[in-house]
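This is model_25.pdb (PDB, C-alpha atoms, pLDDT in the B column).
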```
ATOM      1  CA  MET A   1      -9.929 -19.168   6.729  1.00 53.00           C
ATOM      2  CA  GLU A   2      -8.602 -20.304   3.350  1.00 68.00           C
ATOM      3  CA  ASN A   3      -9.295 -16.841   1.930  1.00 75.00           C
ATOM      4  CA  LYS A   4      -7.156 -15.240   4.641  1.00 78.00           C
ATOM      5  CA  LYS A   5      -4.260 -17.563   3.852  1.00 85.00           C
ATOM      6  CA  LYS A   6      -4.599 -16.771   0.169  1.00 84.00           C
ATOM      7  CA  TYR A   7      -4.752 -13.033   0.907  1.00 83.00           C
ATOM      8  CA  TYR A   8      -1.643 -13.080   3.092  1.00 88.00           C
ATOM      9  CA  LEU A   9       0.250 -15.181   0.560  1.00 91.00           C
ATOM     10  CA  ASN A  10      -0.667 -12.785  -2.267  1.00 90.00           C
ATOM     11  CA  PHE A  11       0.071  -9.811  -0.035  1.00 91.00           C
ATOM     12  CA  SER A  12       3.505 -11.203   0.806  1.00 93.00           C
ATOM     13  CA  LEU A  13       4.231 -11.712  -2.882  1.00 94.00           C
ATOM     14  CA  VAL A  14       3.156  -8.147  -3.683  1.00 94.00           C
ATOM     15  CA  CYS A  15       5.367  -6.775  -0.887  1.00 94.00           C
ATOM     16  CA  LEU A  16       8.330  -8.818  -2.081  1.00 95.00           C
ATOM     17  CA  GLY A  17       7.733  -7.817  -5.707  1.00 94.00           C
ATOM     18  CA  ALA A  18       7.398  -4.152  -4.777  1.00 94.00           C
ATOM     19  CA  LEU A  19      10.601  -4.300  -2.752  1.00 94.00           C
ATOM     20  CA  ILE A  20      12.494  -5.976  -5.601  1.00 95.00           C
ATOM     21  CA  LEU A  21      11.121  -3.410  -8.063  1.00 94.00           C
ATOM     22  CA  SER A  22      12.230  -0.528  -5.846  1.00 93.00           C
ATOM     23  CA  TYR A  23      15.645  -2.062  -5.320  1.00 95.00           C
ATOM     24  CA  GLY A  24      16.093  -2.540  -9.059  1.00 94.00           C
ATOM     25  CA  LEU A  25      15.058   1.037  -9.762  1.00 93.00           C
ATOM     26  CA  SER A  26      17.395   2.364  -7.076  1.00 92.00           C
ATOM     27  CA  GLN A  27      20.324   0.699  -8.860  1.00 92.00           C
ATOM     28  CA  LEU A  28      19.702   2.609 -12.092  1.00 90.00           C
ATOM     29  CA  PRO A  29      22.158   5.422 -12.857  1.00 89.00           C
ATOM     30  CA  ASN A  30      19.329   7.931 -12.817  1.00 85.00           C
ATOM     31  CA  HIS A  31      18.827  10.667 -10.236  1.00 83.00           C
ATOM     32  CA  TYR A  32      15.058  10.114 -10.298  1.00 86.00           C
ATOM     33  CA  PHE A  33      15.386   6.718  -8.607  1.00 89.00           C
ATOM     34  CA  ARG A  34      18.792   6.583  -6.912  1.00 90.00           C
ATOM     35  CA  THR A  35      18.206   6.446  -3.164  1.00 89.00           C
ATOM     36  CA  ALA A  36      19.348   4.314  -0.267  1.00 90.00           C
ATOM     37  CA  HIS A  37      15.882   4.521   1.308  1.00 90.00           C
ATOM     38  CA  PHE A  38      14.017   2.538  -1.360  1.00 91.00           C
ATOM     39  CA  TRP A  39      12.683   0.152   1.305  1.00 93.00           C
ATOM     40  CA  ILE A  40      10.846   2.747   3.417  1.00 94.00           C
ATOM     41  CA  PRO A  41       7.785   3.058   1.113  1.00 94.00           C
ATOM     42  CA  THR A  42       7.361  -0.732   1.082  1.00 94.00           C
ATOM     43  CA  LEU A  43       7.408  -0.824   4.880  1.00 94.00           C
ATOM     44  CA  PHE A  44       4.965   2.103   5.049  1.00 95.00           C
ATOM     45  CA  PHE A  45       2.490   0.437   2.680  1.00 94.00           C
ATOM     46  CA  LEU A  46       2.898  -2.949   4.339  1.00 93.00           C
ATOM     47  CA  LEU A  47       1.811  -1.503   7.673  1.00 93.00           C
ATOM     48  CA  THR A  48      -1.003   0.673   6.320  1.00 92.00           C
ATOM     49  CA  SER A  49      -2.368  -2.107   4.106  1.00 89.00           C
ATOM     50  CA  LEU A  50      -2.526  -4.555   6.995  1.00 88.00           C
ATOM     51  CA  GLY A  51      -4.304  -1.949   9.107  1.00 87.00           C
ATOM     52  CA  ILE A  52      -6.810  -1.105   6.399  1.00 84.00           C
ATOM     53  CA  ASN A  53      -7.477  -4.787   5.706  1.00 82.00           C
ATOM     54  CA  ALA A  54      -8.105  -5.446   9.402  1.00 82.00           C
ATOM     55  CA  LEU A  55     -10.578  -2.566   9.629  1.00 82.00           C
ATOM     56  CA  LEU A  56     -12.427  -3.366   6.403  1.00 77.00           C
ATOM     57  CA  THR A  57     -12.841  -7.112   6.795  1.00 75.00           C
ATOM     58  CA  LYS A  58     -14.383  -7.112  10.246  1.00 75.00           C
ATOM     59  CA  LYS A  59     -17.524  -9.213  10.336  1.00 71.00           C
ATOM     60  CA  ASN A  60     -21.083  -7.936  10.794  1.00 65.00           C
ATOM     61  CA  GLN A  61     -20.810  -4.833   8.651  1.00 67.00           C
ATOM     62  CA  GLU A  62     -23.659  -3.392   6.709  1.00 74.00           C
ATOM     63  CA  PRO A  63     -22.939  -2.664   3.024  1.00 70.00           C
ATOM     64  CA  LYS A  64     -23.459   1.074   3.542  1.00 75.00           C
ATOM     65  CA  GLU A  65     -20.955   1.067   6.409  1.00 79.00           C
ATOM     66  CA  PHE A  66     -18.435  -0.910   4.320  1.00 76.00           C
ATOM     67  CA  VAL A  67     -18.557   1.610   1.474  1.00 77.00           C
ATOM     68  CA  PHE A  68     -18.191   4.539   3.868  1.00 83.00           C
ATOM     69  CA  LYS A  69     -15.233   2.903   5.635  1.00 84.00           C
ATOM     70  CA  THR A  70     -13.550   2.094   2.331  1.00 82.00           C
ATOM     71  CA  LEU A  71     -13.801   5.666   1.104  1.00 85.00           C
ATOM     72  CA  ALA A  72     -12.789   7.158   4.447  1.00 89.00           C
ATOM     73  CA  LEU A  73      -9.774   4.887   4.818  1.00 88.00           C
ATOM     74  CA  SER A  74      -8.675   5.556   1.239  1.00 87.00           C
ATOM     75  CA  MET A  75      -8.832   9.299   1.804  1.00 92.00           C
ATOM     76  CA  GLY A  76      -7.082   8.990   5.145  1.00 92.00           C
ATOM     77  CA  ARG A  77      -4.337   6.883   3.624  1.00 92.00           C
ATOM     78  CA  LEU A  78      -3.792   9.371   0.804  1.00 93.00           C
ATOM     79  CA  LEU A  79      -3.535  12.207   3.320  1.00 95.00           C
ATOM     80  CA  LEU A  80      -1.121  10.182   5.441  1.00 95.00           C
ATOM     81  CA  CYS A  81       0.974   9.466   2.330  1.00 95.00           C
ATOM     82  CA  MET A  82       1.220  13.147   1.478  1.00 95.00           C
ATOM     83  CA  VAL A  83       2.221  14.052   5.031  1.00 96.00           C
ATOM     84  CA  PHE A  84       4.795  11.235   5.121  1.00 95.00           C
ATOM     85  CA  VAL A  85       6.403  12.339   1.836  1.00 96.00           C
ATOM     86  CA  LEU A  86       6.377  15.991   2.963  1.00 96.00           C
ATOM     87  CA  ILE A  87       8.130  15.142   6.240  1.00 96.00           C
ATOM     88  CA  TYR A  88      10.712  12.985   4.465  1.00 95.00           C
ATOM     89  CA  SER A  89      11.297  15.727   1.899  1.00 94.00           C
ATOM     90  CA  MET A  90      11.925  18.279   4.630  1.00 96.00           C
ATOM     91  CA  ILE A  91      14.351  15.970   6.451  1.00 95.00           C
ATOM     92  CA  ASN A  92      16.299  14.685   3.434  1.00 93.00           C
ATOM     93  CA  LYS A  93      16.114  17.288   0.668  1.00 93.00           C
ATOM     94  CA  PRO A  94      18.832  15.840  -1.629  1.00 92.00           C
ATOM     95  CA  GLN A  95      17.002  12.506  -2.017  1.00 91.00           C
ATOM     96  CA  ALA A  96      13.449  13.829  -1.853  1.00 93.00           C
ATOM     97  CA  LEU A  97      12.725  13.460  -5.581  1.00 93.00           C
ATOM     98  CA  ALA A  98      13.980   9.868  -5.750  1.00 93.00           C
ATOM     99  CA  PHE A  99      12.091   8.923  -2.592  1.00 94.00           C
ATOM    100  CA  THR A 100       8.890  10.472  -3.922  1.00 94.00           C
ATOM    101  CA  CYS A 101       9.213   8.549  -7.198  1.00 93.00           C
ATOM    102  CA  HIS A 102       9.622   5.271  -5.292  1.00 93.00           C
ATOM    103  CA  PHE A 103       6.750   6.185  -3.023  1.00 95.00           C
ATOM    104  CA  MET A 104       4.367   6.880  -5.906  1.00 95.00           C
ATOM    105  CA  ILE A 105       5.251   3.614  -7.656  1.00 94.00           C
ATOM    106  CA  GLN A 106       4.604   1.737  -4.407  1.00 94.00           C
ATOM    107  CA  TYR A 107       1.329   3.608  -3.940  1.00 94.00           C
ATOM    108  CA  VAL A 108       0.088   2.464  -7.344  1.00 94.00           C
ATOM    109  CA  VAL A 109       1.182  -1.151  -6.784  1.00 94.00           C
ATOM    110  CA  PHE A 110      -0.470  -1.454  -3.379  1.00 92.00           C
ATOM    111  CA  THR A 111      -3.621   0.402  -4.423  1.00 89.00           C
ATOM    112  CA  VAL A 112      -4.150  -1.929  -7.389  1.00 91.00           C
ATOM    113  CA  PHE A 113      -3.679  -4.928  -5.094  1.00 90.00           C
ATOM    114  CA  GLU A 114      -6.097  -3.595  -2.484  1.00 85.00           C
ATOM    115  CA  VAL A 115      -8.791  -2.708  -4.996  1.00 84.00           C
ATOM    116  CA  SER A 116      -8.596  -6.146  -6.601  1.00 85.00           C
ATOM    117  CA  PHE A 117      -8.743  -7.774  -3.164  1.00 81.00           C
ATOM    118  CA  LEU A 118     -11.720  -5.661  -2.083  1.00 76.00           C
ATOM    119  CA  LEU A 119     -13.617  -6.477  -5.281  1.00 78.00           C
ATOM    120  CA  LYS A 120     -13.110 -10.200  -4.636  1.00 78.00           C
ATOM    121  CA  TYR A 121     -14.100  -9.739  -0.995  1.00 70.00           C
ATOM    122  CA  ILE A 122     -17.312  -7.913  -1.953  1.00 71.00           C
ATOM    123  CA  LYS A 123     -18.253 -10.639  -4.454  1.00 73.00           C
ATOM    124  CA  GLN A 124     -17.741 -13.351  -1.828  1.00 71.00           C
ATOM    125  CA  THR A 125     -19.782 -11.574   0.840  1.00 66.00           C
ATOM    126  CA  ASN A 126     -22.683 -10.892  -1.558  1.00 66.00           C
ATOM    127  CA  GLN A 127     -23.027 -14.524  -2.624  1.00 66.00           C
ATOM    128  CA  PRO A 128     -25.601 -16.527  -0.646  1.00 59.00           C
TER     129      PRO A 128
END
```

Show me this structure written as structure tokens.
Amino acid sequence: MENKKKYYLNFSLVCLGALILSYGLSQLPNHYFRTAHFWIPTLFFLLTSLGINALLTKKNQEPKEFVFKTLALSMGRLLLCMVFVLIYSMINKPQALAFTCHFMIQYVVFTVFEVSFLLKYIKQTNQP
């Protein structure tokens, strides 16, 4: 239970940090980052990360099943990200480049957090 509290606290801090980073970048006088929709990638990754965490940390999983789920969910998330950016780019062409830059930065931030969390989770489940 303590690990879940720690995860959600760290996850909240990462979400807040990512949102602040995107906001700061959107205020730069640079066409690569200037967009009013800087918050959408943070919301997208918040929802997908919570879903992935819920699916991966279910109890009574075999190690082989855990590895398969991790890879499948990572691939599915990447595909969903590409589709999401494509749809946004078709809807809002003038801000597509800036949105994509924000989206990729958020993708890296949340992926690093998830990988570090999963490594800690694997270590804890393998200890007797």

For the structure shown, which residues end up in the PyMOL selection byres ((chain A and resi 100) around 12)? Put them as a PyMOL selection string, please?
chain A and resi 22+31-35+37-38+40-41+81-90+92-99+101-107

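Among A:Phe68, A:Gly51, A:Leu118, A:Pro29, the residue with the shortest atom-to-atom distance to Tyr7 of chain A, counting all atoms listed in the file, is A:Leu118.
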
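The smallest atom-to-atom distance between Val109 of chain A and any of A:Gly76, A:Gly24, A:Asn3, A:Leu46, using all atoms listed in the file, is found for A:Leu46.
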
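A straight line drawn from atom CA of Ile122 of chain A to atom CA of Thr57 of chain A is 9.9 Å long.
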
Quick check, in Å to one decimal: how far apart do atom CA of Val112 of chain A and atom CA of Pro63 of chain A lie?
21.5 Å

Using all atoms listed in the file: which of A:Val115, A:Leu43, A:Ala54, A:Leu79 has the shortest distance to Cys15 of chain A
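Looking only at the distances to Cys15 of chain A, the closest residue turns out to be A:Leu43.
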
Please indicate the distance in Å from atom CA of Ser49 of chain A to atom CA of Ile91 of chain A, rounded to one decimal place.
24.7 Å

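The smallest atom-to-atom distance between Ala18 of chain A and any of A:Leu119, A:Gln124, A:Val108, A:Phe66, using all atoms listed in the file, is found for A:Val108.
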
Using only C-alpha atoms: which of A:Ala36, A:Thr70, A:Gly17, A:Lys123 has the shortest distance to Asn53 of chain A
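When distances to Asn53 of chain A are compared using only C-alpha atoms, the smallest one comes from A:Thr70.
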